[in-house]
Each structure stands twice: as C-alpha cells, then as structure tokens.
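Worksheet: the structure to be examined is printed underneath.
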Amino acid sequence: VAFERAKQGTGASRRLRITGRTPGIVYGGTGEPSLIELDHNALFHAIKKEAFHASVLEMDLGGKTEKVLLRDLQMHPFKQLILHIDFQRVDARTRLTMKVPLHYSGEEESPAVKTENCLVNHVMTELSISCLPMYSA
C-alpha cells in the first residue's frame, strides 16, 4: 500500500525517513509521475524476496490498483535503510525488458561432479527478457 505525498525535496524526504516511511515515485504508462511514500519496514522485508525484484507487482495507490515494476532502489551505504525507490507502471500494450535470475539445480548429483571431481561453473546468472506483459484485466 502506497500513499501519495505532497512535499518533495531533501528536507521532506528526511522527515519521512525519520517517521519510518520511504519516499518513492511511480512513473511511466499513460499517467503522470506520482510521488509516493511507503512503510519502510514492510518494504525492507519485501525487497529480501527475489520475486519482488523480477515480477509485476500490484500497488494500491490512492484507492486504485496499478501494475508496477521495481526499477530502482537506493540504499544507505552502511545502515539498513532504503533511501528511495522507483516503480514503473506496466501497460499491457507496451513491451517490457527486464532481467530474470537463473537458478541451477542438480549439480551435486551430476556424475561428473561425483566421480571425476569436476567443478560446475555458472557462466550466466540472469537472462534479459523482452516481452509484452501478460495479466488478466
């Protein structure tokens, strides 16, 4: 759940962070860019999940639900604090490009690893995918 925010700037963002909120923006699609604020604790736990980074999310903003993608996340250099977050609106008729992580399985059971003491080397860790988003309207 995101809330719209009226004030922008360094001072306003600093005051938001002190109260446990994280400033952000939602842009793209057919709408105007919207300044938002999110609960920091809920957001911090959500970013630990890989699906949050690589899937289309539903955001409740001002009483209506929008489909968004996480585009940018700024963290504090040494504190566990999210400074700012950017989301991009998803339009069903616009092609998306995003990186999807790869997960390898079964390397421990491979005969080459077991008997020949070979080492499995993962050359690629993610794929760049470009497609139209698919979701039910």
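Going through the structure tokens in order, the chains are called A, B, and so on, while each chain numbers its residues from 1 and the ligands are numbered from 1 in the order shown.
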
(Q) Quick check for you: according to DSSP on this backbone, which residues of stretch 2-131 of chain A are classed as helix (DSSP H, G or I)? Reply as JSON, numbers by chain. (A) {"A": [10, 11, 12, 13, 14, 15, 16, 17, 18, 40, 41, 42, 43, 44, 45, 46, 50, 51, 52, 53, 54, 111, 112, 113, 114, 115, 116]}

Q: Find the spatial neighbours of A:Val26, counting only C-alpha atoms, within a cut-off of 9 Å - ignore same-chain residues fewer than 4 positions away - and output them as a list of chain:residue names.
A: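 Within the cut-off, the hits are A:Glu32, A:Pro33, A:Ser34, A:Leu35, A:Ile36, A:Val68, A:Ile85, A:Asp86, A:Phe87, A:Gln88, A:Arg89.
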
Would you mind exporting C-alpha atoms of the selected residues as a short mmCIF file (atom, residue, chain, number, x, y, z; two decimals), in the first residue's frame?
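And here's out.cif as it stands now:
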```
data_model
loop_
_atom_site.label_atom_id
_atom_site.label_comp_id
_atom_site.auth_asym_id
_atom_site.auth_seq_id
_atom_site.Cartn_x
_atom_site.Cartn_y
_atom_site.Cartn_z
CA GLU A 32 1.63 11.46 -14.72
CA PRO A 33 4.52 10.64 -12.35
CA SER A 34 3.25 10.25 -8.78
CA LEU A 35 5.25 10.96 -5.64
CA ILE A 36 4.58 8.20 -3.10
CA VAL A 68 4.14 -1.73 -11.48
CA ILE A 85 12.50 3.57 -4.54
CA ASP A 86 11.32 3.91 -8.16
CA PHE A 87 8.49 1.97 -9.78
CA GLN A 88 7.44 1.92 -13.44
CA ARG A 89 3.79 1.49 -14.43
#
```

As a PDB file with C-alpha atoms, in the first residue's frame, please: all residues of stretch 51-121 of chain A that backbone DSSP puts in strand (DSSP E).
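Generated output (selection.pdb):
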```
ATOM      1  CA  LEU A  57       3.618  -6.077  -8.668  1.00  0.00           C
ATOM      2  CA  GLU A  58       0.199  -4.724  -7.754  1.00  0.00           C
ATOM      3  CA  MET A  59       0.340  -1.405  -5.906  1.00  0.00           C
ATOM      4  CA  ASP A  60      -2.660   0.116  -4.153  1.00  0.00           C
ATOM      5  CA  LEU A  61      -2.280   3.853  -4.702  1.00  0.00           C
ATOM      6  CA  LYS A  64      -6.954   2.195  -7.137  1.00  0.00           C
ATOM      7  CA  THR A  65      -4.671  -0.700  -8.009  1.00  0.00           C
ATOM      8  CA  GLU A  66      -1.865  -0.252 -10.520  1.00  0.00           C
ATOM      9  CA  LYS A  67       0.529  -2.802 -12.027  1.00  0.00           C
ATOM     10  CA  VAL A  68       4.141  -1.729 -11.476  1.00  0.00           C
ATOM     11  CA  LEU A  69       7.727  -2.976 -11.788  1.00  0.00           C
ATOM     12  CA  LEU A  70      10.572  -2.164  -9.435  1.00  0.00           C
ATOM     13  CA  ARG A  71      13.068  -0.128 -11.450  1.00  0.00           C
ATOM     14  CA  ASP A  72      15.490   1.400  -8.925  1.00  0.00           C
ATOM     15  CA  LEU A  73      16.296   1.063  -5.250  1.00  0.00           C
ATOM     16  CA  GLN A  74      18.696   3.313  -3.343  1.00  0.00           C
ATOM     17  CA  MET A  75      20.124   2.007  -0.064  1.00  0.00           C
ATOM     18  CA  ILE A  82      16.097   2.268   1.958  1.00  0.00           C
ATOM     19  CA  LEU A  83      16.578   5.877   0.868  1.00  0.00           C
ATOM     20  CA  HIS A  84      14.376   5.957  -2.247  1.00  0.00           C
ATOM     21  CA  ILE A  85      12.504   3.570  -4.543  1.00  0.00           C
ATOM     22  CA  ASP A  86      11.316   3.912  -8.158  1.00  0.00           C
ATOM     23  CA  PHE A  87       8.490   1.971  -9.777  1.00  0.00           C
ATOM     24  CA  GLN A  88       7.438   1.918 -13.437  1.00  0.00           C
ATOM     25  CA  ARG A  89       3.794   1.494 -14.434  1.00  0.00           C
ATOM     26  CA  LEU A  96       8.901  -4.703 -21.198  1.00  0.00           C
ATOM     27  CA  THR A  97      12.583  -5.519 -20.864  1.00  0.00           C
ATOM     28  CA  MET A  98      13.835  -6.916 -17.577  1.00  0.00           C
ATOM     29  CA  LYS A  99      16.441  -9.260 -16.168  1.00  0.00           C
ATOM     30  CA  VAL A 100      15.298 -12.575 -14.733  1.00  0.00           C
ATOM     31  CA  PRO A 101      17.634 -14.545 -12.417  1.00  0.00           C
TER      32      PRO A 101
END
```

Q.
I'd like to know which of A:Ala12, A:Ile18, A:Val56, A:Leu38 is closest to A:Leu132, using only C-alpha atoms.
A. A:Val56

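Atom CA of A:Ile25 is positioned 10.6 Å from atom CA of A:Gln8.
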
(Q) Residues near A:His40, anyone? I mean within 12 Å using only C-alpha atoms, not counting same-chain ones fewer than 3 positions away, as a list in words. (A) Val1, Ala2, Leu16, Arg17, Ile18, Thr19, Gly20, Arg21, Thr22, Pro23, Gly24, Glu37, Leu43, Phe44, His45, Ala46, Ile47, Met75, Gln80, Leu81, Ile82, Leu83, His84 and Ile85 of chain A

Export, as a PDB file, in the first residue's frame, the selected residues with C-alpha atoms.
```pdb
ATOM      1  CA  VAL A   1       0.000   0.000   0.000  1.00  0.00           C
ATOM      2  CA  ALA A   2       1.423   3.325  -1.067  1.00  0.00           C
ATOM      3  CA  LEU A  16       9.621  10.984   6.006  1.00  0.00           C
ATOM      4  CA  ARG A  17      12.521   8.645   6.783  1.00  0.00           C
ATOM      5  CA  ILE A  18      12.567   9.746  10.436  1.00  0.00           C
ATOM      6  CA  THR A  19       8.897   8.737  10.755  1.00  0.00           C
ATOM      7  CA  GLY A  20       9.560   5.263   9.289  1.00  0.00           C
ATOM      8  CA  ARG A  21       8.391   5.963   5.733  1.00  0.00           C
ATOM      9  CA  THR A  22      10.316   5.640   2.458  1.00  0.00           C
ATOM     10  CA  PRO A  23       9.895   8.187  -0.365  1.00  0.00           C
ATOM     11  CA  GLY A  24       9.417   6.938  -3.908  1.00  0.00           C
ATOM     12  CA  GLU A  37       5.548   7.105   0.392  1.00  0.00           C
ATOM     13  CA  LEU A  43       9.255  -2.555   2.116  1.00  0.00           C
ATOM     14  CA  PHE A  44      12.519  -3.710   3.694  1.00  0.00           C
ATOM     15  CA  HIS A  45      11.126  -7.229   4.211  1.00  0.00           C
ATOM     16  CA  ALA A  46       9.655  -7.270   0.684  1.00  0.00           C
ATOM     17  CA  ILE A  47      12.965  -6.433  -1.027  1.00  0.00           C
ATOM     18  CA  MET A  75      20.124   2.007  -0.064  1.00  0.00           C
ATOM     19  CA  GLN A  80      19.938  -0.981   6.701  1.00  0.00           C
ATOM     20  CA  LEU A  81      17.838   1.837   5.306  1.00  0.00           C
ATOM     21  CA  ILE A  82      16.097   2.268   1.958  1.00  0.00           C
ATOM     22  CA  LEU A  83      16.578   5.877   0.868  1.00  0.00           C
ATOM     23  CA  HIS A  84      14.376   5.957  -2.247  1.00  0.00           C
ATOM     24  CA  ILE A  85      12.504   3.570  -4.543  1.00  0.00           C
TER      25      ILE A  85
END
```

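Atom pair atom CA of A:Gly29 / atom CA of A:Gly11: separated by 28.8 Å.
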
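Within 12 Å of A:Val123, once only C-alpha atoms are used and residues closer than 3 positions along the same chain are dropped, the contacting residues are Leu102, His103, Tyr104, Val120, Glu126 and Leu127 of chain A.
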
Could you take the residues named above and write them with all heavy atoms, as a PDB file, in the first residue's frame?
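As a result, result-v9.pdb now contains:
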```
ATOM      1  N   LEU A 102      18.600 -16.691 -12.979  1.00  0.00           N
ATOM      2  CA  LEU A 102      18.623 -18.129 -13.262  1.00  0.00           C
ATOM      3  C   LEU A 102      19.014 -18.886 -12.000  1.00  0.00           C
ATOM      4  O   LEU A 102      19.878 -18.444 -11.238  1.00  0.00           O
ATOM      5  CB  LEU A 102      19.648 -18.445 -14.353  1.00  0.00           C
ATOM      6  CG  LEU A 102      19.375 -17.886 -15.742  1.00  0.00           C
ATOM      7  CD1 LEU A 102      20.551 -18.189 -16.658  1.00  0.00           C
ATOM      8  CD2 LEU A 102      18.108 -18.464 -16.321  1.00  0.00           C
ATOM      9  N   HIS A 103      18.370 -20.035 -11.789  1.00  0.00           N
ATOM     10  CA  HIS A 103      18.703 -20.909 -10.668  1.00  0.00           C
ATOM     11  C   HIS A 103      19.056 -22.276 -11.236  1.00  0.00           C
ATOM     12  O   HIS A 103      18.291 -22.850 -12.000  1.00  0.00           O
ATOM     13  CB  HIS A 103      17.524 -21.041  -9.689  1.00  0.00           C
ATOM     14  CG  HIS A 103      17.168 -19.751  -9.037  1.00  0.00           C
ATOM     15  ND1 HIS A 103      17.879 -19.243  -7.976  1.00  0.00           N
ATOM     16  CD2 HIS A 103      16.201 -18.842  -9.298  1.00  0.00           C
ATOM     17  CE1 HIS A 103      17.356 -18.096  -7.615  1.00  0.00           C
ATOM     18  NE2 HIS A 103      16.335 -17.826  -8.403  1.00  0.00           N
ATOM     19  N   TYR A 104      20.207 -22.777 -10.864  1.00  0.00           N
ATOM     20  CA  TYR A 104      20.673 -24.073 -11.334  1.00  0.00           C
ATOM     21  C   TYR A 104      20.416 -25.118 -10.253  1.00  0.00           C
ATOM     22  O   TYR A 104      20.557 -24.840  -9.071  1.00  0.00           O
ATOM     23  CB  TYR A 104      22.175 -24.015 -11.651  1.00  0.00           C
ATOM     24  CG  TYR A 104      22.503 -23.072 -12.777  1.00  0.00           C
ATOM     25  CD1 TYR A 104      22.886 -21.752 -12.530  1.00  0.00           C
ATOM     26  CD2 TYR A 104      22.437 -23.490 -14.094  1.00  0.00           C
ATOM     27  CE1 TYR A 104      23.192 -20.889 -13.551  1.00  0.00           C
ATOM     28  CE2 TYR A 104      22.734 -22.632 -15.130  1.00  0.00           C
ATOM     29  CZ  TYR A 104      23.109 -21.329 -14.851  1.00  0.00           C
ATOM     30  OH  TYR A 104      23.406 -20.476 -15.875  1.00  0.00           O
ATOM     31  N   VAL A 120      31.369 -27.326 -11.435  1.00  0.00           N
ATOM     32  CA  VAL A 120      30.373 -26.698 -12.309  1.00  0.00           C
ATOM     33  C   VAL A 120      30.560 -25.189 -12.228  1.00  0.00           C
ATOM     34  O   VAL A 120      30.591 -24.609 -11.146  1.00  0.00           O
ATOM     35  CB  VAL A 120      28.941 -27.089 -11.875  1.00  0.00           C
ATOM     36  CG1 VAL A 120      27.919 -26.376 -12.741  1.00  0.00           C
ATOM     37  CG2 VAL A 120      28.751 -28.591 -11.958  1.00  0.00           C
ATOM     38  N   GLU A 126      21.761 -14.513 -15.049  1.00  0.00           N
ATOM     39  CA  GLU A 126      20.471 -13.901 -15.355  1.00  0.00           C
ATOM     40  C   GLU A 126      20.286 -13.791 -16.859  1.00  0.00           C
ATOM     41  O   GLU A 126      21.243 -13.790 -17.623  1.00  0.00           O
ATOM     42  CB  GLU A 126      20.343 -12.529 -14.695  1.00  0.00           C
ATOM     43  CG  GLU A 126      21.386 -11.535 -15.137  1.00  0.00           C
ATOM     44  CD  GLU A 126      21.335 -10.234 -14.336  1.00  0.00           C
ATOM     45  OE1 GLU A 126      20.709 -10.223 -13.266  1.00  0.00           O
ATOM     46  OE2 GLU A 126      21.916  -9.259 -14.792  1.00  0.00           O
ATOM     47  N   LEU A 127      19.018 -13.705 -17.276  1.00  0.00           N
ATOM     48  CA  LEU A 127      18.659 -13.541 -18.676  1.00  0.00           C
ATOM     49  C   LEU A 127      17.934 -12.210 -18.849  1.00  0.00           C
ATOM     50  O   LEU A 127      17.158 -11.807 -17.989  1.00  0.00           O
ATOM     51  CB  LEU A 127      17.716 -14.653 -19.134  1.00  0.00           C
ATOM     52  CG  LEU A 127      18.278 -16.043 -19.305  1.00  0.00           C
ATOM     53  CD1 LEU A 127      17.156 -17.006 -19.653  1.00  0.00           C
ATOM     54  CD2 LEU A 127      19.329 -16.062 -20.394  1.00  0.00           C
TER      55      LEU A 127
END
```

**Q.** Test item: residues at most 10 Å from A:Leu119, only C-alpha atoms, excluding those fewer than 4 positions along its chain, as a list of chain:residue names
**A.** A:Glu107, A:Glu108, A:Ala112, A:Val113, A:Lys114

Q | Nearest residue to A:Thr94 from the set A:Lys48, A:Gly62, A:Cys131, A:His53 (distances using only C-alpha atoms) | A |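 That would be A:Cys131, the residue with the smallest distance to A:Thr94.
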
Q: Go through A:His76, A:Ala54, A:Thr115, A:Gly63 one by one, measure the shortest atom-to-atom distance of each to A:Ile129 using only C-alpha atoms, and give the residue with the smallest value.
A: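 Ranked by minimum distance to A:Ile129, first place goes to A:Ala54.
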
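Straight-line separation from atom CA of A:Ser55 to atom CA of A:Glu4: 22.8 Å.
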